[in-house]
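As provided, coords-v8.txt (compact mmCIF, C-alpha atoms) reads as follows.
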# COMPACT_ATOMS: atom_id res chain seq x y z
CA MET A 3 10.55 22.74 -46.45
CA PRO A 4 9.86 19.01 -46.95
CA GLN A 5 10.36 17.75 -50.52
CA THR A 6 9.22 14.65 -52.37
CA GLY A 7 12.04 12.30 -53.31
CA VAL A 8 12.39 9.01 -55.18
CA GLY A 9 9.62 6.54 -54.36
CA GLY A 10 7.40 9.22 -52.89
CA ALA A 11 9.47 9.63 -49.71
CA ILE A 12 9.11 12.88 -47.81
CA ILE A 13 12.51 14.51 -47.38
CA ALA A 14 13.28 17.31 -44.94
CA THR A 15 16.48 19.12 -44.24
CA GLU A 16 18.67 17.38 -41.66
CA PRO A 17 18.58 20.13 -38.99
CA ASN A 18 14.77 20.00 -38.83
CA VAL A 19 14.59 16.21 -38.98
CA SER A 20 17.03 15.91 -36.08
CA GLU A 21 14.89 18.15 -33.86
CA ASN A 22 13.00 16.64 -30.95
CA TYR A 23 9.47 17.60 -30.11
CA ASN A 24 9.43 20.44 -27.61
CA ARG A 25 9.34 19.60 -23.91
CA GLY A 26 5.69 20.55 -23.51
CA ALA A 27 4.58 18.24 -26.33
CA ILE A 28 6.68 15.38 -24.94
CA ALA A 29 5.31 15.82 -21.41
CA LEU A 30 1.70 15.98 -22.61
CA HIS A 31 2.21 12.94 -24.88
CA TRP A 32 3.60 10.65 -22.18
CA LEU A 33 1.23 11.84 -19.46
CA THR A 34 -1.73 11.20 -21.76
CA ALA A 35 -0.31 7.80 -22.76
CA ALA A 36 0.11 6.77 -19.11
CA LEU A 37 -3.44 7.82 -18.26
CA VAL A 38 -4.91 6.06 -21.31
CA VAL A 39 -3.20 2.77 -20.44
CA THR A 40 -4.18 3.13 -16.78
CA ASN A 41 -7.82 3.79 -17.67
CA LEU A 42 -8.03 0.91 -20.13
CA LEU A 43 -6.70 -1.47 -17.49
CA LEU A 44 -8.92 0.05 -14.82
CA GLY A 45 -11.97 -0.24 -17.04
CA LEU A 46 -11.30 -3.92 -17.72
CA SER A 47 -10.62 -4.67 -14.05
CA MET A 48 -13.54 -2.91 -12.41
CA VAL A 49 -16.36 -4.41 -14.48
CA ALA A 50 -16.02 -7.87 -12.95
CA LEU A 51 -15.94 -6.57 -9.37
CA PRO A 52 -19.04 -7.10 -7.20
CA ILE A 53 -20.86 -4.00 -6.03
CA SER A 54 -18.76 -2.63 -3.19
CA PRO A 55 -17.13 0.62 -2.00
CA ARG A 56 -13.98 -0.50 -3.84
CA LYS A 57 -15.84 -0.80 -7.15
CA LEU A 58 -17.49 2.59 -6.66
CA HIS A 59 -14.11 4.17 -5.96
CA TRP A 60 -12.65 2.58 -9.09
CA TYR A 61 -15.52 3.95 -11.16
CA LEU A 62 -14.84 7.39 -9.68
CA PHE A 63 -11.16 7.11 -10.61
CA HIS A 64 -12.04 5.84 -14.09
CA LYS A 65 -14.36 8.75 -14.79
CA SER A 66 -11.95 11.33 -13.36
CA ILE A 67 -9.09 9.97 -15.45
CA GLY A 68 -11.32 10.09 -18.53
CA ILE A 69 -12.16 13.76 -17.96
CA THR A 70 -8.48 14.48 -17.31
CA ILE A 71 -7.58 12.85 -20.64
CA PHE A 72 -10.17 15.06 -22.35
CA LEU A 73 -8.66 18.17 -20.74
CA LEU A 74 -5.09 17.13 -21.59
CA THR A 75 -6.06 16.43 -25.20
CA SER A 76 -7.61 19.90 -25.44
CA LEU A 77 -4.38 21.33 -24.05
CA ARG A 78 -2.33 19.28 -26.55
CA VAL A 79 -4.32 20.69 -29.47
CA ALA A 80 -3.84 24.23 -28.17
CA TRP A 81 -0.13 23.61 -27.51
CA ARG A 82 0.36 22.24 -31.00
CA ALA A 83 -1.25 25.36 -32.46
CA VAL A 84 1.25 27.67 -30.74
CA ARG A 85 4.29 25.34 -30.78
CA PRO A 86 4.29 23.47 -34.12
CA HIS A 87 5.84 20.02 -34.38
CA PRO A 88 9.27 19.62 -36.03
CA ALA A 89 9.57 18.69 -39.69
CA PRO A 90 8.51 15.11 -40.55
CA VAL A 91 11.05 12.32 -40.79
CA PRO A 92 11.67 11.02 -44.34
CA MET A 93 9.39 8.06 -45.05
CA PRO A 94 7.30 6.64 -47.91
CA ARG A 95 4.19 8.63 -48.71
CA TRP A 96 1.85 5.79 -47.67
CA GLN A 97 3.46 5.67 -44.23
CA ARG A 98 3.14 9.41 -43.82
CA ARG A 99 -0.54 9.31 -44.78
CA SER A 100 -1.20 6.33 -42.51
CA ALA A 101 0.49 8.13 -39.62
CA ALA A 102 -1.62 11.24 -40.24
CA VAL A 103 -4.84 9.21 -40.26
CA SER A 104 -3.93 7.25 -37.12
CA HIS A 105 -2.95 10.40 -35.22
CA ALA A 106 -6.18 12.13 -36.23
CA LEU A 107 -8.17 9.07 -35.13
CA LEU A 108 -6.34 9.03 -31.79
CA TYR A 109 -7.22 12.66 -31.14
CA VAL A 110 -10.86 12.06 -32.06
CA LEU A 111 -11.09 9.04 -29.75
CA LEU A 112 -9.42 10.90 -26.88
CA PHE A 113 -12.14 13.54 -27.18
CA VAL A 114 -15.13 11.30 -27.92
CA ILE A 115 -14.54 8.45 -25.43
CA PRO A 116 -14.69 10.62 -22.27
CA ILE A 117 -17.84 12.29 -23.61
CA SER A 118 -19.42 8.90 -24.35
CA GLY A 119 -18.63 7.79 -20.81
CA TRP A 120 -20.10 10.98 -19.39
CA LEU A 121 -23.24 10.49 -21.48
CA TYR A 122 -23.47 6.86 -20.37
CA SER A 123 -23.12 7.81 -16.71
CA SER A 124 -25.77 10.51 -17.07
CA ALA A 125 -28.21 8.11 -18.77
CA THR A 126 -27.83 5.63 -15.91
CA GLY A 127 -28.65 8.35 -13.40
CA VAL A 128 -25.17 8.50 -11.87
CA GLN A 129 -23.68 12.00 -11.83
CA VAL A 130 -20.02 12.40 -12.75
CA VAL A 131 -18.09 14.04 -9.91
CA TYR A 132 -14.65 15.03 -11.16
CA LEU A 133 -11.93 14.00 -8.69
CA GLY A 134 -14.70 13.42 -6.17
CA ILE A 135 -14.94 17.20 -5.74
CA VAL A 136 -16.48 18.90 -8.80
CA PRO A 137 -19.98 17.68 -9.76
CA LEU A 138 -20.50 17.85 -13.51
CA PRO A 139 -23.95 18.44 -15.04
CA ASP A 140 -25.80 15.50 -16.53
CA LEU A 141 -25.66 15.63 -20.32
CA VAL A 142 -28.89 13.61 -20.78
CA GLY A 143 -31.76 12.55 -18.58
CA LYS A 144 -31.97 9.15 -16.96
CA ASP A 145 -32.97 6.60 -19.60
CA ARG A 146 -32.25 2.89 -19.21
CA ALA A 147 -32.51 2.04 -22.92
CA LEU A 148 -30.25 4.94 -23.86
CA GLY A 149 -27.83 3.94 -21.11
CA ASP A 150 -27.61 0.38 -22.49
CA ALA A 151 -26.91 1.75 -25.98
CA LEU A 152 -24.31 4.22 -24.71
CA ARG A 153 -22.57 1.46 -22.77
CA ILE A 154 -22.09 -0.47 -26.02
CA VAL A 155 -20.82 2.69 -27.72
CA HIS A 156 -18.39 3.43 -24.90
CA VAL A 157 -17.02 -0.12 -24.80
CA SER A 158 -16.72 -0.27 -28.60
CA LEU A 159 -14.85 3.03 -28.76
CA ASN A 160 -12.43 1.84 -26.08
CA ALA A 161 -11.84 -1.38 -28.02
CA LEU A 162 -11.06 0.73 -31.09
CA LEU A 163 -8.72 2.90 -29.01
CA PHE A 164 -6.87 -0.20 -27.83
CA VAL A 165 -6.36 -1.28 -31.45
CA VAL A 166 -5.21 2.16 -32.60
CA VAL A 167 -2.84 2.56 -29.66
CA SER A 168 -1.39 -0.91 -30.30
CA VAL A 169 -0.78 -0.07 -33.96
CA HIS A 170 0.76 3.25 -32.91
CA VAL A 171 3.17 1.51 -30.52
CA VAL A 172 4.13 -1.20 -33.01
CA ALA A 173 4.74 1.41 -35.73
CA ALA A 174 6.94 3.50 -33.41
CA ILE A 175 9.01 0.45 -32.45
CA ARG A 176 9.31 -0.58 -36.11
CA HIS A 177 10.62 2.87 -37.04
CA HIS A 178 13.24 2.58 -34.30
CA VAL A 179 14.30 -1.06 -34.74
CA VAL A 180 13.76 -1.72 -38.45
CA ASP A 181 13.94 1.66 -40.17
CA HIS A 182 16.50 3.13 -37.75
CA ASP A 183 14.96 6.58 -38.04
CA PRO A 184 14.38 9.13 -35.24
CA VAL A 185 10.54 8.91 -35.16
CA LEU A 186 10.49 7.33 -31.70
CA ALA A 187 13.65 8.97 -30.35
CA ARG A 188 12.31 12.47 -31.01
CA MET A 189 9.41 11.86 -28.62
CA LEU A 190 11.50 10.38 -25.80
CA PRO A 191 11.94 12.62 -22.72
CA ILE A 192 15.74 12.16 -22.77
CA VAL A 193 17.75 11.46 -25.92
CA LYS A 194 21.53 11.43 -25.55
CA GLY A 195 23.54 13.08 -28.23
CA ASN A 196 20.68 15.24 -29.46
CA GLU A 197 21.17 18.92 -28.77
CA ALA A 198 18.30 20.07 -30.95
CA MET A 199 15.76 20.09 -28.14
CA ARG A 200 13.51 23.12 -28.27
CA SER A 201 12.39 24.49 -24.93
Would you mind writing the file's structure down as structure tokens?
Amino acid sequence: MPQTGVGGAIIATEPNVSENYNRGAIALHWLTAALVVTNLLLGLSMVALPISPRKLHWYLFHKSIGITIFLLTSLRVAWRAVRPHPAPVPMPRWQRRSAAVSHALLYVLLFVIPISGWLYSSATGVQVVYLGIVPLPDLVGKDRALGDALRIVHVSLNALLFVVVSVHVVAAIRHHVVDHDPVLARMLPIVKGNEAMRS
């Protein structure tokens, strides 16, 4: 059980703190991270392209990746319910609370952004076809004014995601380089010298 120590730090027993996340959680984390970065870059790149088959293909990829991120995030939530995370690493209470808020915000954005994109696509009259194979139902009717508003929402949410992801990355690096704690190492696919991996 974690305990509160001097200065409000959260202290856990060493065996639990040394544990890595389980393999499923690690795989889902890094796959989601790779898709998020890919989709952010794809979204920025495709907007400036002139109308062409290439641009249409990129939009198809962008939408399919977004739906995949939504599905993976749903799977991550379910996985976390059945395979709880290891005990938290000792850190000041404010850091622990900040981490909890940022993680919750990340999950919310990973759910909401794909839905906002789907809504935006529906409002513009363009059906989302997942992986170019599975046509998804339109969530709203074609409406130009609504589409313009949803575009702003979608872009704004992605900008917020970029900020939150950047803070998340910087915080993880700081824990590793400055604090010298295992926050980052526990989420790495391969960590030498750590035999506490749970399958």
Query raised in the report: Nearest to A:Val165: which of A:Leu108, A:Asp150, A:Tyr132, A:Ile117 is it, counting all atoms listed in the file?
Result: A:Leu108
**Report entry** Gap from atom CA of A:His156 to atom CA of A:Leu73 - Å, one decimal
**Finding:**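 For atom CA of A:His156 relative to atom CA of A:Leu73, the distance reads 18.1 Å.
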Query raised in the report: Which residues come within 10 Å of A:Leu77, counting only C-alpha atoms, excluding same-chain residues fewer than 6 positions away, as number ranges by chain?
Result: A: 27, 30, 71, 83
Query raised in the report: How many Å lie between atom CA of A:Asn41 and atom CA of A:Gly68, rounded to one decimal?
Result: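 Those two atoms sit 7.3 Å apart.
Residue nearest A:Gly127 within the list A:Val84, A:Ile53, A:Leu148, A:Leu112: A:Leu148 [criterion: smallest interatomic distance, all atoms listed in the file].
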Query raised in the report: Hey, what's within 10 Å of A:Ile28 if we count all atoms listed in the file and toss same-chain stuff fewer than 2 positions away? As a list in words, please?
Result: Asn22, Tyr23, Asn24, Arg25, Gly26, Leu30, His31, Trp32, Leu33, Thr34, Arg78, Arg188, Met189, Leu190, Pro191 and Ile192 of chain A
Query raised in the report: Smallest atom-to-atom distance to A:Leu37: which of A:Lys65, A:Arg153, A:Arg56, A:Arg146, using all atoms listed in the file?
Result: A:Lys65
Query raised in the report: Any idea what's packed within 12 Å of A:Pro116, counting only C-alpha atoms, ignoring anything in its chain fewer than 4 positions away? Could you give it as a VMD selection string?
Result: chain A and resid 38 41 to 42 64 to 75 109 to 112 120 to 123 130 132 152 155 to 157 159 to 160 163
Query - Nearest-residue call for A:Ser118, choices A:Gly134, A:Pro88, A:Pro52, A:Gly149, using only C-alpha atoms - result: A:Gly149
Requested in this report: Calculate how many Å separate atom CA of A:Arg176 from atom CA of A:Trp96, rounding to one decimal.
Outcome: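 Distance between the two atoms: 15.2 Å.
The residue that comes closest to A:Ala89, out of A:Val185, A:Leu58, A:Asp145, A:Ile135 and on the basis of all atoms listed in the file, is A:Val185.
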Query raised in the report: Leaving out A:Pro184 and any residue of its chain fewer than 6 positions from it, which residues lie within 10 Å of it when counting all atoms listed in the file, given as a PyMOL selection string?
Result: chain A and resi 19-22+90-92+174+177-178+190
Report task. May I ask which of the residues A:Ser168, A:Ala125, A:Gly143, A:Trp60 is the closest one to A:Ser47, counting all atoms listed in the file? Result ->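 Of the candidates, the smallest distance to A:Ser47 is held by A:Trp60.
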